[in-house]
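Inspection log for the structure reproduced underneath, given as structure tokens.
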Amino acid sequence: MSSLHRPLGTLRDGADPVLLTPERAGWHYTGLRVLRLEPGVARTIQTGEFEAFILPLSGGCTVRVDDERFVLHGRDSVFSRVTDFAYVPRAAEVELLAVNGAEVALPMARCTRRLSPLYGPAENVPVEVRGGGRATRQVSNFGVPGVWDHADKLNACELITPDGNWSSYPPHKHDEATECEVVNEEVYYFRISGAGGFGLHRTYTADGALDENVAVRDGDVFLIPRGYHGPCVAAPGYPMYYLNVLAGPAEERSMAFCDDPAHGWVRDTWQHQELDPRCPMTNAEGVS
């Protein structure tokens, strides 16, 4: 069994589907929680050393932190629309309340600077279509540098891959501080549309020390401590979503990476291919 692949249930914390701390991952900065909010029952969490985004996966909620109150309208599912979200700082007490219940992701990063809480409207989230042909996919850049600069270490974005398509391709890495890349620990959190659905994910190193090829299913987590990662392949009939969470030691937030030189040439072919007309699959208004 892969030590990097954490299937649904292996990171469960009581009723919550995912509790991934840096210690459980075996690294220093990046974490993820997925909370299940019961209808009308307030949850209080302490952020401690971590900054976080409050990102509704299904349903919406109210966020109270530092005398601020944010109403997150959320969404029916990750496949239905781009959501609004909130940033919460380290050393904060955060109250979450969902009148009708909700599932909420908290991408997290261990950090040192304490910033103020802030609301992120769905309408301000850039939705990008990347790739070409069968490598066409949607990227919702809600928490990336240059779009969301109100964070110390935390980077996050959402991807939706139409069924039958490839994403996170060409394979790329970010495990060295070079002119090309920065060091980031990365989490992939998968959701698959359709009962029994699945996809494929690959992570490997040039020296063969890592060589992981796994089937991923709804709710699975995959850890990227180092090495090239990609592709993620959505099986025909089953669109794939994943939340990427990245953080690392660099002074400035960055998501810079290097392609595997064996496959980087594929990028040049996209200019000659039509984009998959199914993308973008969602936006702030709903399913496009």
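By order of appearance in the structure tokens: chains A, B, ..., then residues from 1 within every chain, and ligands from 1 in the order shown.
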
Shell of 8 Å around stretch 222-239 of chain A, only C-alpha atoms, local chain residues under 2 positions omitted, as a PDB file with N, CA and C atoms, in the first residue's frame:
```
ATOM      1  N   LEU A   4       1.761   7.420   0.603  1.00  0.00           N
ATOM      2  CA  LEU A   4       1.357   8.774   0.201  1.00  0.00           C
ATOM      3  C   LEU A   4      -0.137   8.860  -0.088  1.00  0.00           C
ATOM      4  N   HIS A   5      -0.750   7.743  -0.405  1.00  0.00           N
ATOM      5  CA  HIS A   5      -2.175   7.701  -0.710  1.00  0.00           C
ATOM      6  C   HIS A   5      -2.947   7.415   0.570  1.00  0.00           C
ATOM      7  N   ARG A   6      -3.846   8.326   0.931  1.00  0.00           N
ATOM      8  CA  ARG A   6      -4.659   8.151   2.137  1.00  0.00           C
ATOM      9  C   ARG A   6      -6.128   8.031   1.708  1.00  0.00           C
ATOM     10  N   ALA A  25       1.445  13.965   8.037  1.00  0.00           N
ATOM     11  CA  ALA A  25       1.951  13.877   6.672  1.00  0.00           C
ATOM     12  C   ALA A  25       3.449  13.583   6.626  1.00  0.00           C
ATOM     13  N   TRP A  27       5.795  16.083   7.220  1.00  0.00           N
ATOM     14  CA  TRP A  27       6.496  17.272   6.764  1.00  0.00           C
ATOM     15  C   TRP A  27       6.245  18.418   7.726  1.00  0.00           C
ATOM     16  N   ILE A 160     -11.188  21.087 -11.812  1.00  0.00           N
ATOM     17  CA  ILE A 160     -12.189  20.124 -12.257  1.00  0.00           C
ATOM     18  C   ILE A 160     -11.751  19.609 -13.619  1.00  0.00           C
ATOM     19  N   THR A 161     -11.671  18.287 -13.724  1.00  0.00           N
ATOM     20  CA  THR A 161     -11.263  17.626 -14.955  1.00  0.00           C
ATOM     21  C   THR A 161     -12.468  16.893 -15.535  1.00  0.00           C
ATOM     22  N   PRO A 162     -12.902  17.225 -16.759  1.00  0.00           N
ATOM     23  CA  PRO A 162     -14.028  16.491 -17.355  1.00  0.00           C
ATOM     24  C   PRO A 162     -13.709  15.002 -17.474  1.00  0.00           C
ATOM     25  N   ASP A 163     -14.750  14.182 -17.405  1.00  0.00           N
ATOM     26  CA  ASP A 163     -14.499  12.740 -17.481  1.00  0.00           C
ATOM     27  C   ASP A 163     -13.788  12.405 -18.789  1.00  0.00           C
ATOM     28  N   GLY A 164     -12.797  11.513 -18.682  1.00  0.00           N
ATOM     29  CA  GLY A 164     -12.003  11.104 -19.818  1.00  0.00           C
ATOM     30  C   GLY A 164     -10.786  11.972 -20.096  1.00  0.00           C
ATOM     31  N   ASN A 165     -10.628  13.080 -19.364  1.00  0.00           N
ATOM     32  CA  ASN A 165      -9.514  13.997 -19.596  1.00  0.00           C
ATOM     33  C   ASN A 165      -8.382  13.793 -18.595  1.00  0.00           C
ATOM     34  N   TRP A 166      -7.230  14.379 -18.922  1.00  0.00           N
ATOM     35  CA  TRP A 166      -6.034  14.343 -18.088  1.00  0.00           C
ATOM     36  C   TRP A 166      -5.765  15.745 -17.553  1.00  0.00           C
ATOM     37  N   SER A 167      -5.291  15.830 -16.303  1.00  0.00           N
ATOM     38  CA  SER A 167      -4.868  17.114 -15.738  1.00  0.00           C
ATOM     39  C   SER A 167      -3.579  16.901 -14.940  1.00  0.00           C
ATOM     40  N   SER A 168      -3.075  18.003 -14.342  1.00  0.00           N
ATOM     41  CA  SER A 168      -1.752  17.958 -13.707  1.00  0.00           C
ATOM     42  C   SER A 168      -0.740  17.354 -14.671  1.00  0.00           C
ATOM     43  N   TYR A 169      -0.785  17.854 -15.892  1.00  0.00           N
ATOM     44  CA  TYR A 169       0.059  17.304 -16.949  1.00  0.00           C
ATOM     45  C   TYR A 169       0.566  18.431 -17.815  1.00  0.00           C
ATOM     46  N   PRO A 170       1.832  18.429 -18.238  1.00  0.00           N
ATOM     47  CA  PRO A 170       2.854  17.410 -18.025  1.00  0.00           C
ATOM     48  C   PRO A 170       3.212  17.250 -16.541  1.00  0.00           C
ATOM     49  N   PRO A 171       3.801  16.113 -16.162  1.00  0.00           N
ATOM     50  CA  PRO A 171       4.241  15.947 -14.769  1.00  0.00           C
ATOM     51  C   PRO A 171       5.224  17.058 -14.401  1.00  0.00           C
ATOM     52  N   HIS A 172       5.123  17.521 -13.171  1.00  0.00           N
ATOM     53  CA  HIS A 172       5.923  18.657 -12.726  1.00  0.00           C
ATOM     54  C   HIS A 172       6.310  18.459 -11.271  1.00  0.00           C
ATOM     55  N   LYS A 173       7.296  19.248 -10.818  1.00  0.00           N
ATOM     56  CA  LYS A 173       7.724  19.124  -9.420  1.00  0.00           C
ATOM     57  C   LYS A 173       8.065  20.494  -8.859  1.00  0.00           C
ATOM     58  N   HIS A 174       8.100  20.549  -7.522  1.00  0.00           N
ATOM     59  CA  HIS A 174       8.502  21.763  -6.804  1.00  0.00           C
ATOM     60  C   HIS A 174       9.109  21.335  -5.461  1.00  0.00           C
ATOM     61  N   ASP A 175      10.307  20.745  -5.551  1.00  0.00           N
ATOM     62  CA  ASP A 175      10.971  20.250  -4.343  1.00  0.00           C
ATOM     63  C   ASP A 175      12.389  20.776  -4.179  1.00  0.00           C
ATOM     64  N   ASN A 184       7.630  23.353  -2.190  1.00  0.00           N
ATOM     65  CA  ASN A 184       6.282  23.332  -1.623  1.00  0.00           C
ATOM     66  C   ASN A 184       5.877  21.896  -1.313  1.00  0.00           C
ATOM     67  N   GLU A 185       5.331  21.681  -0.126  1.00  0.00           N
ATOM     68  CA  GLU A 185       4.628  20.445   0.196  1.00  0.00           C
ATOM     69  C   GLU A 185       3.204  20.585  -0.343  1.00  0.00           C
ATOM     70  N   GLU A 186       2.676  19.538  -0.944  1.00  0.00           N
ATOM     71  CA  GLU A 186       1.364  19.679  -1.595  1.00  0.00           C
ATOM     72  C   GLU A 186       0.425  18.535  -1.222  1.00  0.00           C
ATOM     73  N   VAL A 187      -0.831  18.893  -1.040  1.00  0.00           N
ATOM     74  CA  VAL A 187      -1.916  17.942  -0.797  1.00  0.00           C
ATOM     75  C   VAL A 187      -2.871  17.983  -1.977  1.00  0.00           C
ATOM     76  N   TYR A 188      -3.283  16.812  -2.435  1.00  0.00           N
ATOM     77  CA  TYR A 188      -4.386  16.666  -3.379  1.00  0.00           C
ATOM     78  C   TYR A 188      -5.560  16.056  -2.613  1.00  0.00           C
ATOM     79  N   TYR A 189      -6.712  16.729  -2.634  1.00  0.00           N
ATOM     80  CA  TYR A 189      -7.930  16.190  -2.025  1.00  0.00           C
ATOM     81  C   TYR A 189      -8.942  15.970  -3.143  1.00  0.00           C
ATOM     82  N   ILE A 192     -14.927  12.751  -6.624  1.00  0.00           N
ATOM     83  CA  ILE A 192     -15.278  12.145  -7.902  1.00  0.00           C
ATOM     84  C   ILE A 192     -16.794  12.148  -8.033  1.00  0.00           C
ATOM     85  N   SER A 193     -17.285  12.601  -9.184  1.00  0.00           N
ATOM     86  CA  SER A 193     -18.727  12.652  -9.419  1.00  0.00           C
ATOM     87  C   SER A 193     -19.225  11.307  -9.929  1.00  0.00           C
ATOM     88  N   GLY A 194     -20.255  10.793  -9.270  1.00  0.00           N
ATOM     89  CA  GLY A 194     -20.849   9.531  -9.719  1.00  0.00           C
ATOM     90  C   GLY A 194     -20.548   8.398  -8.765  1.00  0.00           C
ATOM     91  N   GLY A 197     -17.336   6.052  -8.739  1.00  0.00           N
ATOM     92  CA  GLY A 197     -16.385   6.663  -9.659  1.00  0.00           C
ATOM     93  C   GLY A 197     -14.957   6.609  -9.154  1.00  0.00           C
ATOM     94  N   PHE A 198     -14.024   6.784 -10.085  1.00  0.00           N
ATOM     95  CA  PHE A 198     -12.606   6.731  -9.726  1.00  0.00           C
ATOM     96  C   PHE A 198     -11.800   7.491 -10.767  1.00  0.00           C
ATOM     97  N   GLY A 199     -10.540   7.724 -10.425  1.00  0.00           N
ATOM     98  CA  GLY A 199      -9.576   8.296 -11.354  1.00  0.00           C
ATOM     99  C   GLY A 199      -8.218   7.701 -11.047  1.00  0.00           C
ATOM    100  N   LEU A 200      -7.202   8.178 -11.730  1.00  0.00           N
ATOM    101  CA  LEU A 200      -5.839   7.697 -11.536  1.00  0.00           C
ATOM    102  C   LEU A 200      -4.924   8.874 -11.229  1.00  0.00           C
ATOM    103  N   HIS A 201      -3.918   8.619 -10.399  1.00  0.00           N
ATOM    104  CA  HIS A 201      -2.927   9.645 -10.055  1.00  0.00           C
ATOM    105  C   HIS A 201      -1.540   9.018 -10.061  1.00  0.00           C
ATOM    106  N   ARG A 202      -0.554   9.802 -10.547  1.00  0.00           N
ATOM    107  CA  ARG A 202       0.836   9.326 -10.606  1.00  0.00           C
ATOM    108  C   ARG A 202       1.759  10.324  -9.930  1.00  0.00           C
ATOM    109  N   THR A 203       2.682   9.820  -9.085  1.00  0.00           N
ATOM    110  CA  THR A 203       3.774  10.596  -8.496  1.00  0.00           C
ATOM    111  C   THR A 203       5.041   9.755  -8.572  1.00  0.00           C
ATOM    112  N   TYR A 204       6.172  10.382  -8.966  1.00  0.00           N
ATOM    113  CA  TYR A 204       7.414   9.622  -9.115  1.00  0.00           C
ATOM    114  C   TYR A 204       8.604  10.564  -9.032  1.00  0.00           C
ATOM    115  N   THR A 205       9.776  10.004  -8.811  1.00  0.00           N
ATOM    116  CA  THR A 205      11.029  10.749  -8.840  1.00  0.00           C
ATOM    117  C   THR A 205      11.902  10.224  -9.969  1.00  0.00           C
ATOM    118  N   ALA A 206      12.827  11.066 -10.408  1.00  0.00           N
ATOM    119  CA  ALA A 206      13.685  10.688 -11.531  1.00  0.00           C
ATOM    120  C   ALA A 206      14.540   9.469 -11.211  1.00  0.00           C
ATOM    121  N   LEU A 210      10.557   7.101  -5.678  1.00  0.00           N
ATOM    122  CA  LEU A 210       9.093   7.137  -5.618  1.00  0.00           C
ATOM    123  C   LEU A 210       8.568   6.740  -6.986  1.00  0.00           C
ATOM    124  N   ASP A 220     -10.600  10.740  -1.251  1.00  0.00           N
ATOM    125  CA  ASP A 220      -9.206  10.349  -1.012  1.00  0.00           C
ATOM    126  C   ASP A 220      -8.287  11.565  -0.942  1.00  0.00           C
ATOM    127  N   TYR A 241     -12.721  16.229  -9.393  1.00  0.00           N
ATOM    128  CA  TYR A 241     -12.357  17.483  -8.719  1.00  0.00           C
ATOM    129  C   TYR A 241     -11.193  17.198  -7.797  1.00  0.00           C
ATOM    130  N   ASP A 259       8.628  21.348 -15.173  1.00  0.00           N
ATOM    131  CA  ASP A 259       8.119  20.155 -15.843  1.00  0.00           C
ATOM    132  C   ASP A 259       9.182  19.060 -15.869  1.00  0.00           C
ATOM    133  N   ASP A 260       8.736  17.813 -15.916  1.00  0.00           N
ATOM    134  CA  ASP A 260       9.633  16.715 -16.238  1.00  0.00           C
ATOM    135  C   ASP A 260      10.136  16.952 -17.668  1.00  0.00           C
TER     136      ASP A 260
END
```

What parts of stretch 196-249 of chain A does DSSP call strand (DSSP E or B)? I'd like the answer as number ranges by chain. A: 198-204, 211-217, 221-224, 228-234, 240-247

Who sits within 12 Å of A:Gly146, only C-alpha atoms, same chain under 6 positions skipped, as number ranges by chain: A: 125-126, 155, 252-255

Next, write the just-selected residues to a file, as a CSV table (one decimal), in the first residue's frame, keeping C-alpha atoms as the atom set.
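As written to disk, again.csv reads:
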```
chain,number,residue,atom,x,y,z
A,125,VAL,CA,-12.3,34.0,-8.3
A,126,PRO,CA,-10.7,33.7,-11.7
A,155,ASN,CA,-1.6,28.6,-1.5
A,252,GLU,CA,7.5,34.8,-0.7
A,253,ARG,CA,4.5,32.7,-1.6
A,254,SER,CA,5.0,31.0,-4.9
A,255,MET,CA,3.6,28.0,-6.9
```

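Rounded to one decimal, atom CA of A:Val99 and atom CA of A:Val78 lie 19.1 Å from each other.
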
Taking into account only C-alpha atoms, which residue in the set A:Ala284, A:Val63, A:Val266, A:Cys180 is nearest to A:Asn124? A:Ala284

Using DSSP on the backbone coordinates, identify all residues within stretch 88-201 of chain A classified as helix (DSSP H, G or I); present the result as a ChimeraX atom specification. /A:122-124,133-135

Those same residues, written as a PDB file, in the first residue's frame with C-alpha atoms?
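Generated output (result.pdb):
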```
ATOM      1  CA  ALA A 122     -17.012  33.862  -5.560  1.00  0.00           C
ATOM      2  CA  GLU A 123     -17.391  36.531  -8.236  1.00  0.00           C
ATOM      3  CA  ASN A 124     -13.726  37.506  -7.772  1.00  0.00           C
ATOM      4  CA  GLY A 133      -7.656  18.445 -26.354  1.00  0.00           C
ATOM      5  CA  ARG A 134      -7.936  15.630 -23.819  1.00  0.00           C
ATOM      6  CA  ALA A 135      -5.708  17.584 -21.420  1.00  0.00           C
TER       7      ALA A 135
END
```

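Atom CA of A:Val104 is positioned 11.7 Å from atom CA of A:Asp84.
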
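Using only C-alpha atoms, the smallest distance between any of A:Tyr29, A:Phe190, A:Tyr119, A:Phe142 and A:Arg69 comes from A:Tyr119.
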
Selection near A:Met108, 8 Å with only C-alpha atoms, sequence-local residues under 2 positions removed, as a list in words: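 The residues satisfying every condition are Thr30, Gly31, Leu32, Arg33, Phe50, Glu51, Ala52, Phe53, Leu106, Arg110, Leu154 and Val245 of chain A.
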
Export of the given selection (N, CA and C atoms) as an mmCIF file, in the first residue's frame:
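This went into again16.cif:
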```
data_model
loop_
_atom_site.group_PDB
_atom_site.id
_atom_site.type_symbol
_atom_site.label_atom_id
_atom_site.label_comp_id
_atom_site.auth_asym_id
_atom_site.auth_seq_id
_atom_site.Cartn_x
_atom_site.Cartn_y
_atom_site.Cartn_z
ATOM 1 N N THR A 30 2.201 22.043 5.473
ATOM 2 C CA THR A 30 0.888 21.955 4.844
ATOM 3 C C THR A 30 -0.049 21.005 5.586
ATOM 4 N N GLY A 31 -1.320 21.421 5.724
ATOM 5 C CA GLY A 31 -2.326 20.582 6.357
ATOM 6 C C GLY A 31 -3.684 20.756 5.707
ATOM 7 N N LEU A 32 -4.613 19.897 6.083
ATOM 8 C CA LEU A 32 -5.975 19.950 5.558
ATOM 9 C C LEU A 32 -6.933 19.337 6.561
ATOM 10 N N ARG A 33 -8.034 20.036 6.782
ATOM 11 C CA ARG A 33 -9.148 19.466 7.530
ATOM 12 C C ARG A 33 -10.391 19.531 6.656
ATOM 13 N N PHE A 50 -1.585 27.803 12.573
ATOM 14 C CA PHE A 50 -1.955 27.701 11.167
ATOM 15 C C PHE A 50 -2.885 28.817 10.718
ATOM 16 N N GLU A 51 -2.638 29.341 9.521
ATOM 17 C CA GLU A 51 -3.625 30.122 8.799
ATOM 18 C C GLU A 51 -4.433 29.151 7.947
ATOM 19 N N ALA A 52 -5.646 29.557 7.547
ATOM 20 C CA ALA A 52 -6.503 28.623 6.817
ATOM 21 C C ALA A 52 -7.504 29.378 5.962
ATOM 22 N N PHE A 53 -7.989 28.701 4.940
ATOM 23 C CA PHE A 53 -9.184 29.125 4.222
ATOM 24 C C PHE A 53 -10.366 28.315 4.734
ATOM 25 N N LEU A 106 -10.799 23.014 5.152
ATOM 26 C CA LEU A 106 -9.888 24.007 5.714
ATOM 27 C C LEU A 106 -8.474 23.697 5.230
ATOM 28 N N ARG A 110 1.170 26.115 8.266
ATOM 29 C CA ARG A 110 1.871 26.635 9.434
ATOM 30 C C ARG A 110 2.587 27.922 9.027
ATOM 31 N N LEU A 154 0.180 30.161 2.785
ATOM 32 C CA LEU A 154 -0.834 29.274 2.227
ATOM 33 C C LEU A 154 -1.153 29.577 0.764
ATOM 34 N N VAL A 245 -3.483 22.055 -2.081
ATOM 35 C CA VAL A 245 -3.029 22.890 -0.956
ATOM 36 C C VAL A 245 -1.507 22.825 -0.935
#
```

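With only C-alpha atoms as the basis for measurement, A:Asn244 is the residue among A:Asn100, A:Asn244, A:Thr83, A:Thr62 that approaches A:Arg191 most closely.
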
Check the smallest atom-to-atom distance from each of A:Trp270, A:Tyr87, A:Phe79, A:Tyr242 to A:Cys157 using only C-alpha atoms, then report the winner. A:Tyr242

Using atom CA of A:Val139 and atom CA of A:Val34 as the two end points, give the distance in Å to one decimal.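 Result for atom CA of A:Val139 versus atom CA of A:Val34: 20.5 Å, one decimal.
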
List as a JSON list (two decimals) with C-alpha atoms, in the first residue's frame the protein and nucleic acid residues near A:Val41, meaning an atom at most 10 Å away when only C-alpha atoms are counted, but skip any in the same chain fewer than 4 places from it.
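Output saved as around.json:
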```json
[["chain", "number", "residue", "atom", "x", "y", "z"],
["A", 37, "LEU", "CA", -21.11, 20.64, 10.24],
["A", 96, "LEU", "CA", -18.69, 27.90, 12.17],
["A", 97, "LEU", "CA", -22.46, 27.54, 11.96],
["A", 98, "ALA", "CA", -24.42, 25.92, 9.12],
["A", 99, "VAL", "CA", -28.18, 26.19, 9.51],
["A", 100, "ASN", "CA", -28.81, 23.35, 7.07],
["A", 101, "GLY", "CA", -25.56, 21.47, 7.61]]
```

Tell me, as a list in words, which residues lie within 8 Å of A:Leu8, counting only C-alpha atoms; anything in the same chain fewer than 5 positions away does not count.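 Residues near the query, excluding close chain neighbours: Pro17, Arg217, Asp218, Gly219, Asp220 and Val221 of chain A.
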